[in-house]
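Asker: Just so it is clear, I am handing over data.json, which has JSON, C-alpha atoms.
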[["chain", "number", "residue", "atom", "x", "y", "z"],
["A", 28, "MET", "CA", -128.00, -39.38, -70.87],
["A", 29, "ALA", "CA", -127.46, -38.50, -67.22],
["A", 30, "ILE", "CA", -123.95, -37.46, -66.20],
["A", 31, "ASP", "CA", -122.23, -39.62, -63.61],
["A", 32, "GLU", "CA", -122.20, -37.56, -60.42],
["A", 33, "GLY", "CA", -118.59, -38.40, -59.63],
["A", 34, "ARG", "CA", -117.44, -37.20, -63.04],
["A", 35, "ALA", "CA", -119.65, -34.12, -62.79],
["A", 36, "TRP", "CA", -118.16, -33.20, -59.40],
["A", 37, "ALA", "CA", -114.65, -33.58, -60.81],
["A", 38, "LEU", "CA", -115.49, -31.24, -63.70],
["A", 39, "ARG", "CA", -117.13, -28.65, -61.46],
["A", 40, "THR", "CA", -114.25, -28.70, -59.01],
["A", 41, "LEU", "CA", -111.16, -29.17, -61.18],
["A", 42, "GLY", "CA", -112.26, -28.06, -64.63],
["A", 43, "ALA", "CA", -111.71, -29.72, -68.00],
["A", 44, "ASP", "CA", -109.10, -32.21, -66.79],
["A", 45, "GLY", "CA", -111.18, -33.27, -63.79],
["A", 46, "VAL", "CA", -112.40, -36.53, -65.30],
["A", 47, "LEU", "CA", -108.86, -37.64, -66.18],
["A", 48, "VAL", "CA", -107.62, -36.69, -62.70],
["A", 49, "ARG", "CA", -110.40, -38.74, -61.12],
["A", 50, "GLU", "CA", -109.58, -41.76, -63.28],
["A", 51, "GLN", "CA", -105.85, -41.66, -62.62],
["A", 52, "ILE", "CA", -105.65, -41.07, -58.86],
["A", 53, "SER", "CA", -106.39, -44.63, -57.76],
["A", 54, "SER", "CA", -103.96, -46.07, -60.31],
["A", 55, "ILE", "CA", -101.19, -43.74, -59.12],
["A", 56, "ILE", "CA", -101.67, -44.73, -55.49],
["A", 57, "ARG", "CA", -101.98, -48.42, -56.36],
["A", 58, "ASP", "CA", -98.73, -48.22, -58.30],
["A", 59, "CYS", "CA", -96.95, -46.42, -55.46],
["A", 60, "HIS", "CA", -98.30, -48.97, -52.98],
["A", 61, "GLU", "CA", -97.02, -51.89, -55.05],
["A", 62, "LYS", "CA", -93.58, -50.37, -55.57],
["A", 63, "MET", "CA", -93.10, -49.42, -51.94],
["A", 64, "ALA", "CA", -94.37, -52.84, -50.76],
["A", 65, "ASN", "CA", -91.87, -54.49, -53.09],
["A", 66, "ALA", "CA", -89.13, -52.19, -51.77],
["A", 67, "GLN", "CA", -90.06, -53.18, -48.21],
["A", 68, "ALA", "CA", -89.86, -56.87, -49.13],
["A", 69, "GLU", "CA", -86.51, -56.35, -50.85],
["A", 70, "ALA", "CA", -85.12, -54.59, -47.77],
["A", 71, "GLU", "CA", -85.81, -57.66, -45.60],
["A", 72, "MET", "CA", -86.44, -55.50, -42.55],
["A", 73, "LYS", "CA", -88.94, -56.10, -39.75],
["A", 74, "HIS", "CA", -89.55, -52.36, -39.38],
["A", 75, "THR", "CA", -91.86, -50.94, -42.06],
["A", 76, "GLY", "CA", -89.99, -47.66, -42.42],
["A", 77, "VAL", "CA", -89.21, -48.35, -46.08],
["A", 78, "TYR", "CA", -92.89, -48.64, -46.97],
["A", 79, "GLY", "CA", -93.60, -45.66, -44.73],
["A", 80, "GLN", "CA", -92.06, -43.40, -47.37],
["A", 81, "ILE", "CA", -95.13, -44.00, -49.55],
["A", 82, "TRP", "CA", -96.43, -40.58, -48.45],
["A", 83, "ARG", "CA", -93.52, -38.90, -50.27],
["A", 84, "LYS", "CA", -93.75, -41.26, -53.25],
["A", 85, "CYS", "CA", -97.42, -40.37, -53.75],
["A", 86, "LEU", "CA", -96.72, -36.63, -53.45],
["A", 87, "ASP", "CA", -94.02, -36.89, -56.10],
["A", 88, "GLU", "CA", -96.07, -39.07, -58.46],
["A", 89, "PHE", "CA", -99.10, -36.78, -58.25],
["A", 90, "VAL", "CA", -96.89, -33.99, -59.57],
["A", 91, "THR", "CA", -95.13, -36.19, -62.15],
["A", 92, "VAL", "CA", -98.22, -37.88, -63.57],
["A", 93, "LEU", "CA", -101.05, -35.40, -63.10],
["A", 94, "GLY", "CA", -98.69, -32.52, -63.84],
["A", 95, "ARG", "CA", -98.65, -33.66, -67.47],
["A", 96, "LEU", "CA", -102.30, -32.76, -67.97],
["A", 97, "PRO", "CA", -102.93, -29.54, -69.94],
["A", 98, "SER", "CA", -104.45, -27.44, -67.15],
["A", 99, "ALA", "CA", -102.17, -28.65, -64.34],
["A", 100, "GLU", "CA", -100.38, -26.07, -62.22],
["A", 101, "ILE", "CA", -97.36, -26.98, -60.08],
["A", 102, "VAL", "CA", -97.59, -25.24, -56.73],
["A", 103, "PRO", "CA", -94.47, -24.93, -54.51],
["A", 104, "ARG", "CA", -95.31, -25.11, -50.83],
["A", 105, "ARG", "CA", -92.67, -25.01, -48.09],
["A", 106, "GLY", "CA", -90.11, -27.23, -49.80],
["A", 107, "TYR", "CA", -92.62, -29.50, -51.51],
["A", 108, "LYS", "CA", -94.30, -29.42, -54.90],
["A", 109, "LEU", "CA", -98.02, -30.03, -55.27],
["A", 110, "VAL", "CA", -100.30, -30.14, -58.28],
["A", 111, "ALA", "CA", -103.42, -28.00, -58.65],
["A", 112, "PHE", "CA", -106.25, -27.58, -61.17],
["A", 113, "ASN", "CA", -108.27, -24.37, -61.37],
["A", 114, "GLY", "CA", -106.63, -23.20, -58.17],
["A", 115, "VAL", "CA", -107.64, -26.35, -56.28],
["A", 116, "ILE", "CA", -104.69, -28.18, -54.72],
["A", 117, "LEU", "CA", -104.65, -31.99, -54.66],
["A", 118, "PHE", "CA", -103.09, -33.50, -51.54],
["A", 119, "PRO", "CA", -102.69, -37.27, -51.03],
["A", 120, "TRP", "CA", -102.84, -38.15, -47.33],
["A", 121, "ARG", "CA", -101.98, -41.54, -45.86],
["A", 122, "PHE", "CA", -104.11, -41.22, -42.77],
["A", 123, "ALA", "CA", -103.94, -44.80, -41.46],
["A", 124, "ARG", "CA", -102.26, -48.18, -41.68],
["A", 125, "GLU", "CA", -105.37, -50.24, -40.98],
["A", 126, "ARG", "CA", -108.81, -50.58, -42.54],
["A", 127, "SER", "CA", -110.81, -49.88, -39.39],
["A", 128, "THR", "CA", -109.50, -46.35, -38.79],
["A", 129, "ASP", "CA", -112.03, -43.58, -39.36],
["A", 130, "ILE", "CA", -110.78, -40.55, -41.29],
["A", 131, "GLY", "CA", -112.44, -38.24, -38.81],
["A", 132, "SER", "CA", -110.39, -39.67, -35.95],
["A", 133, "ARG", "CA", -107.05, -38.51, -37.38],
["A", 134, "PRO", "CA", -105.80, -34.93, -36.99],
["A", 135, "PHE", "CA", -104.57, -33.37, -40.21],
["A", 136, "ALA", "CA", -102.84, -30.22, -38.99],
["A", 137, "VAL", "CA", -99.72, -31.87, -37.61],
["A", 138, "SER", "CA", -97.24, -29.67, -39.49],
["A", 139, "ASP", "CA", -96.91, -26.09, -40.71],
["A", 140, "THR", "CA", -96.86, -27.38, -44.29],
["A", 141, "ARG", "CA", -100.27, -28.99, -43.97],
["A", 142, "ILE", "CA", -101.74, -25.95, -42.25],
["A", 143, "SER", "CA", -100.35, -23.74, -45.00],
["A", 144, "LEU", "CA", -102.40, -25.59, -47.62],
["A", 145, "PHE", "CA", -105.51, -23.89, -46.28],
["A", 146, "GLY", "CA", -104.13, -20.59, -45.08],
["A", 147, "GLU", "CA", -101.42, -19.22, -47.34],
["A", 148, "GLU", "CA", -102.32, -16.75, -50.04],
["A", 149, "ARG", "CA", -101.76, -18.00, -53.56],
["A", 150, "GLU", "CA", -99.63, -16.21, -56.08],
["A", 151, "SER", "CA", -101.63, -14.75, -58.91],
["A", 152, "THR", "CA", -101.55, -17.18, -61.82],
["A", 153, "GLN", "CA", -103.37, -17.49, -65.10],
["A", 154, "GLN", "CA", -106.09, -20.08, -64.69],
["A", 155, "ARG", "CA", -107.25, -22.04, -67.73],
["A", 156, "LEU", "CA", -110.96, -22.57, -67.25],
["A", 157, "ASP", "CA", -112.04, -23.20, -70.81],
["A", 158, "ILE", "CA", -111.42, -26.32, -72.89],
["A", 159, "GLU", "CA", -108.21, -25.34, -74.62],
["A", 160, "PHE", "CA", -107.38, -28.91, -75.58],
["A", 161, "GLU", "CA", -109.40, -31.78, -76.96],
["A", 162, "HIS", "CA", -110.95, -33.95, -74.29],
["A", 163, "PRO", "CA", -112.30, -37.08, -75.99],
["A", 164, "GLU", "CA", -113.07, -38.61, -72.58],
["A", 165, "LEU", "CA", -115.91, -36.08, -72.07],
["A", 166, "THR", "CA", -119.44, -36.67, -73.26],
["A", 167, "GLU", "CA", -121.46, -33.91, -74.92],
["A", 168, "GLU", "CA", -123.44, -33.47, -71.71],
["A", 169, "GLU", "CA", -120.21, -33.10, -69.72],
["A", 170, "ARG", "CA", -118.91, -30.49, -72.16],
["A", 171, "GLU", "CA", -122.11, -28.51, -71.74],
["A", 172, "LEU", "CA", -121.78, -28.78, -67.95],
["A", 173, "LEU", "CA", -118.21, -27.55, -68.12],
["A", 174, "ASP", "CA", -119.17, -24.58, -70.27],
["A", 175, "ALA", "CA", -121.94, -23.67, -67.85],
["A", 176, "GLU", "CA", -119.66, -24.01, -64.84],
["A", 177, "SER", "CA", -116.70, -22.05, -66.24],
["A", 178, "LYS", "CA", -117.98, -18.66, -65.12],
["A", 179, "ALA", "CA", -118.85, -19.96, -61.66],
["A", 180, "LEU", "CA", -115.41, -21.55, -61.37],
["A", 181, "GLU", "CA", -113.71, -18.28, -62.26],
["A", 182, "GLU", "CA", -115.74, -16.38, -59.68],
["A", 183, "ALA", "CA", -115.01, -19.03, -57.05],
["A", 184, "LEU", "CA", -111.24, -18.68, -57.36],
["A", 185, "SER", "CA", -109.85, -16.75, -54.42],
["A", 186, "THR", "CA", -106.50, -15.74, -53.05],
["A", 187, "HIS", "CA", -106.71, -18.59, -50.57],
["A", 188, "SER", "CA", -106.29, -22.20, -51.61],
["A", 189, "ARG", "CA", -109.08, -24.68, -52.01],
["A", 190, "VAL", "CA", -107.91, -28.20, -51.26],
["A", 191, "VAL", "CA", -109.09, -31.60, -52.41],
["A", 192, "VAL", "CA", -107.64, -34.15, -50.02],
["A", 193, "VAL", "CA", -107.11, -37.76, -51.15],
["A", 194, "PRO", "CA", -107.08, -39.89, -47.97],
["A", 195, "TYR", "CA", -105.85, -43.46, -48.30],
["A", 196, "ALA", "CA", -105.23, -46.27, -45.81],
["A", 197, "SER", "CA", -102.52, -48.83, -46.46],
["A", 198, "ASN", "CA", -99.68, -50.93, -45.11],
["A", 199, "PRO", "CA", -97.13, -53.17, -46.87],
["A", 200, "PHE", "CA", -99.73, -55.94, -47.07],
["A", 201, "ALA", "CA", -102.79, -54.16, -48.43],
["A", 202, "LEU", "CA", -104.28, -50.99, -49.84],
["A", 203, "TYR", "CA", -107.58, -50.60, -48.03],
["A", 204, "SER", "CA", -109.10, -47.36, -49.30],
["A", 205, "VAL", "CA", -108.64, -44.41, -51.64],
["A", 206, "ASP", "CA", -111.13, -41.54, -51.32],
["A", 207, "TRP", "CA", -111.29, -37.88, -52.24],
["A", 208, "GLY", "CA", -113.28, -34.78, -51.44],
["A", 209, "GLU", "CA", -112.89, -31.04, -50.97],
["A", 210, "ALA", "CA", -111.93, -30.35, -47.37],
["A", 211, "THR", "CA", -111.85, -27.50, -44.89],
["A", 212, "LEU", "CA", -109.55, -27.39, -41.89],
["A", 213, "GLY", "CA", -111.11, -26.74, -38.51],
["A", 214, "SER", "CA", -109.53, -24.87, -35.62],
["A", 215, "ASP", "CA", -109.12, -28.24, -33.88],
["A", 216, "GLY", "CA", -106.81, -29.47, -36.66],
["A", 217, "TYR", "CA", -109.30, -31.96, -38.11],
["A", 218, "LEU", "CA", -110.73, -31.98, -41.63],
["A", 219, "THR", "CA", -114.35, -31.62, -42.62],
["A", 220, "PHE", "CA", -115.50, -32.96, -45.99],
["A", 221, "ALA", "CA", -118.63, -31.66, -47.67],
["A", 222, "SER", "CA", -118.77, -34.96, -49.55],
["A", 223, "MET", "CA", -116.47, -37.86, -50.26],
["A", 224, "GLU", "CA", -116.19, -40.44, -53.05],
["A", 225, "SER", "CA", -114.34, -43.73, -53.02],
["A", 226, "LEU", "CA", -111.86, -43.97, -55.91],
["A", 227, "LEU", "CA", -110.47, -47.40, -55.09],
["A", 228, "GLU", "CA", -112.07, -49.00, -58.13],
["A", 229, "VAL", "CA", -112.33, -45.90, -60.35],
["A", 230, "GLY", "CA", -109.98, -46.24, -63.29],
["A", 231, "ALA", "CA", -108.47, -49.43, -61.85],
["A", 232, "ALA", "CA", -108.62, -51.21, -65.19],
["A", 233, "SER", "CA", -107.82, -48.23, -67.40],
["A", 234, "LEU", "CA", -104.93, -45.84, -67.07],
["A", 235, "VAL", "CA", -104.53, -42.83, -69.34],
["A", 236, "ASP", "CA", -100.95, -42.10, -70.42],
["A", 237, "LEU", "CA", -99.46, -43.25, -67.15],
["A", 238, "ASP", "CA", -95.78, -44.17, -67.17],
["A", 239, "LEU", "CA", -94.50, -45.15, -63.76],
["A", 240, "THR", "CA", -91.71, -47.53, -64.77],
["A", 241, "ASP", "CA", -88.71, -45.57, -63.54],
["A", 242, "GLU", "CA", -88.47, -47.50, -60.28],
["A", 243, "SER", "CA", -88.84, -51.24, -60.09],
["A", 244, "PHE", "CA", -87.54, -54.29, -58.33],
["A", 245, "SER", "CA", -87.90, -56.63, -61.26],
["A", 246, "ASP", "CA", -84.43, -58.18, -61.18],
["A", 247, "GLY", "CA", -85.54, -61.06, -59.01],
["A", 248, "PRO", "CA", -88.64, -62.92, -57.83],
["A", 249, "ILE", "CA", -90.24, -60.56, -55.33],
["A", 250, "PRO", "CA", -93.64, -61.35, -53.81],
["A", 251, "ARG", "CA", -96.33, -59.09, -55.24],
["A", 252, "PRO", "CA", -98.43, -57.44, -52.53],
["A", 253, "ASP", "CA", -102.14, -58.16, -52.30],
["A", 254, "LEU", "CA", -104.06, -55.04, -53.30],
["A", 255, "GLY", "CA", -107.29, -56.41, -51.94],
["A", 256, "VAL", "CA", -108.83, -56.16, -48.48],
["A", 257, "LYS", "CA", -107.04, -58.10, -45.78],
["A", 258, "GLY", "CA", -107.23, -58.27, -42.02],
["A", 259, "ASP", "CA", -105.56, -55.63, -39.89],
["A", 260, "GLU", "CA", -101.87, -56.62, -39.97],
["A", 261, "ALA", "CA", -100.57, -53.35, -38.52],
["A", 262, "ASP", "CA", -101.59, -50.88, -35.87],
["A", 263, "GLY", "CA", -100.73, -47.27, -35.21],
["A", 264, "GLU", "CA", -100.59, -44.06, -37.15],
["A", 265, "ALA", "CA", -99.45, -43.81, -40.75],
["A", 266, "ASP", "CA", -95.73, -43.29, -41.30],
["A", 267, "GLY", "CA", -94.28, -40.00, -42.46],
["A", 268, "ARG", "CA", -95.78, -36.56, -42.84],
["A", 269, "PRO", "CA", -94.91, -33.49, -44.92]]
Do you think you could lay out the structure here as structure tokens?

Answerer:
Amino acid sequence: MAIDEGRAWALRTLGADGVLVREQISSIIRDCHEKMANAQAEAEMKHTGVYGQIWRKCLDEFVTVLGRLPSAEIVPRRGYKLVAFNGVILFPWRFARERSTDIGSRPFAVSDTRISLFGEERESTQQRLDIEFEHPELTEEERELLDAESKALEEALSTHSRVVVVPYASNPFALYSVDWGEATLGSDGYLTFASMESLLEVGAASLVDLDLTDESFSDGPIPRPDLGVKGDEADGEADGRP
């Protein structure tokens, strides 16, 4: 049976936990979107600054949720914590508030923290490239692929970070897109992706060991945000940046 290319890319890039990471990312961002949209509604403010903190919420939840996986590594970076797999950092990026914005039109290198993702040398850490834990979500073909890729993954690890960026576009009324791909940062401050996959519907109906119930606004009837595609209710750049 042929291996799904999206799952295969996740395994080649992130190692044994790659499939689970791929399945959980959209659900994490959807959950953050819903909670921050509810918080915005509860605040009863015209300004969307409450929802604008979704960038920090997603950063924190990537570490909290994906950091539970066996091969996860927590990487401190200039006051923030990020999660990495096989030396590859995952970085959620709210690049726009409207559906029509093209990822390539938004500069990424707007802070020293973001620039450091691609330039700072990594501390030497023990990478776990083999399947040390059971992974029932993998098919036999995927296990064989992972075994074959392990040596190449080890050789590919360098002292400089590889980064998989997870761009998403949203506002308090809708979550428009969730994508991911390994990125490089150009001298002009813009990202280049070798390839990109939409994760908006990946894992949407199935969440693996995800517990995001610490924050809620369930004490009263709060309108639930529409997670589907809507018209462009907001203009301008995304709020907040690390």

Asker: For the atom pair atom CA of A:Trp82 and atom CA of A:Trp36, what is the interatomic distance in Å to one decimal place?

Answerer: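 Spanning atom CA of A:Trp82 to atom CA of A:Trp36 is a straight-line distance of 25.4 Å.
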
Asker: Determine, counting only C-alpha atoms, which protein, DNA and RNA residues have an atom within 6 Å of an atom of stretch 215-231 of chain A; residues of the same chain fewer than 3 positions away are not included. Present the result as a list in words.

Answerer: Glu50, Ser53, Ser54, Pro134, Phe135, Ala136, Ser204, Val205, Asp206, Trp207, Gly208, Glu209, Ala210, Thr211 and Leu212 of chain A

Asker: When distances are computed from all atoms listed in the file, which of A:Phe89, A:Tyr107, A:Tyr78, A:Phe112 shows the smallest separation from A:Leu41?

Answerer: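 Closest residue, counting all atoms listed in the file: A:Phe112.
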
Asker: With only C-alpha atoms as the atoms that count, which of A:Val190, A:Ala201, A:Leu47, A:Ala35 lies nearest to A:Glu164?

Answerer: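 Of A:Val190, A:Ala201, A:Leu47, A:Ala35, the one nearest A:Glu164 is A:Leu47, counting only C-alpha atoms.
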
Asker: Mind pulling up the distance from atom CA of A:Asn198 to atom CA of A:Ile52?

Answerer: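 Value for the atom CA of A:Ile52-atom CA of A:Asn198 distance: 17.9 Å.
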
Asker: Calculated over only C-alpha atoms, which of the candidates A:Gly213, A:Gly106, A:Pro199, A:Pro269 has the smallest distance to A:Met72?

Answerer: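 The closest residue to A:Met72 is A:Pro199.
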
Asker: What gap, in Å, lies between atom CA of A:Ile30 and atom CA of A:Glu167?

Answerer: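 Interatomic distance here is 9.7 Å.
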
Asker: Find the residue from A:Ala99, A:Gly94, A:Glu61, A:Trp120 that sits nearest to A:Leu202; use only C-alpha atoms when measuring.

Answerer: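 Counting only C-alpha atoms, the residue closest to A:Leu202 is A:Glu61.
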
Asker: Given all atoms listed in the file as the basis, pick out the residue of A:Ile130, A:Ser214, A:Ser197, A:Gly42 nearest to A:Met63.

Answerer: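 That would be A:Ser197, the residue with the smallest distance to A:Met63.
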
Asker: I need the residue nearest A:Asn113 from this list: A:Leu165, A:Ile101, A:Leu144, A:Val77. Use all atoms listed in the file for the distance.

Answerer: A:Ile101

Asker: Fewer than 5 positions away in the same chain doesn't count, so skip those; otherwise give me all residues within 12 Å of A:Ala111, counting only C-alpha atoms, as a PyMOL selection string.

Answerer: chain A and resi 40-42+44-45+48+89-90+93-104+116-118+144+149+152+154-155+188-192
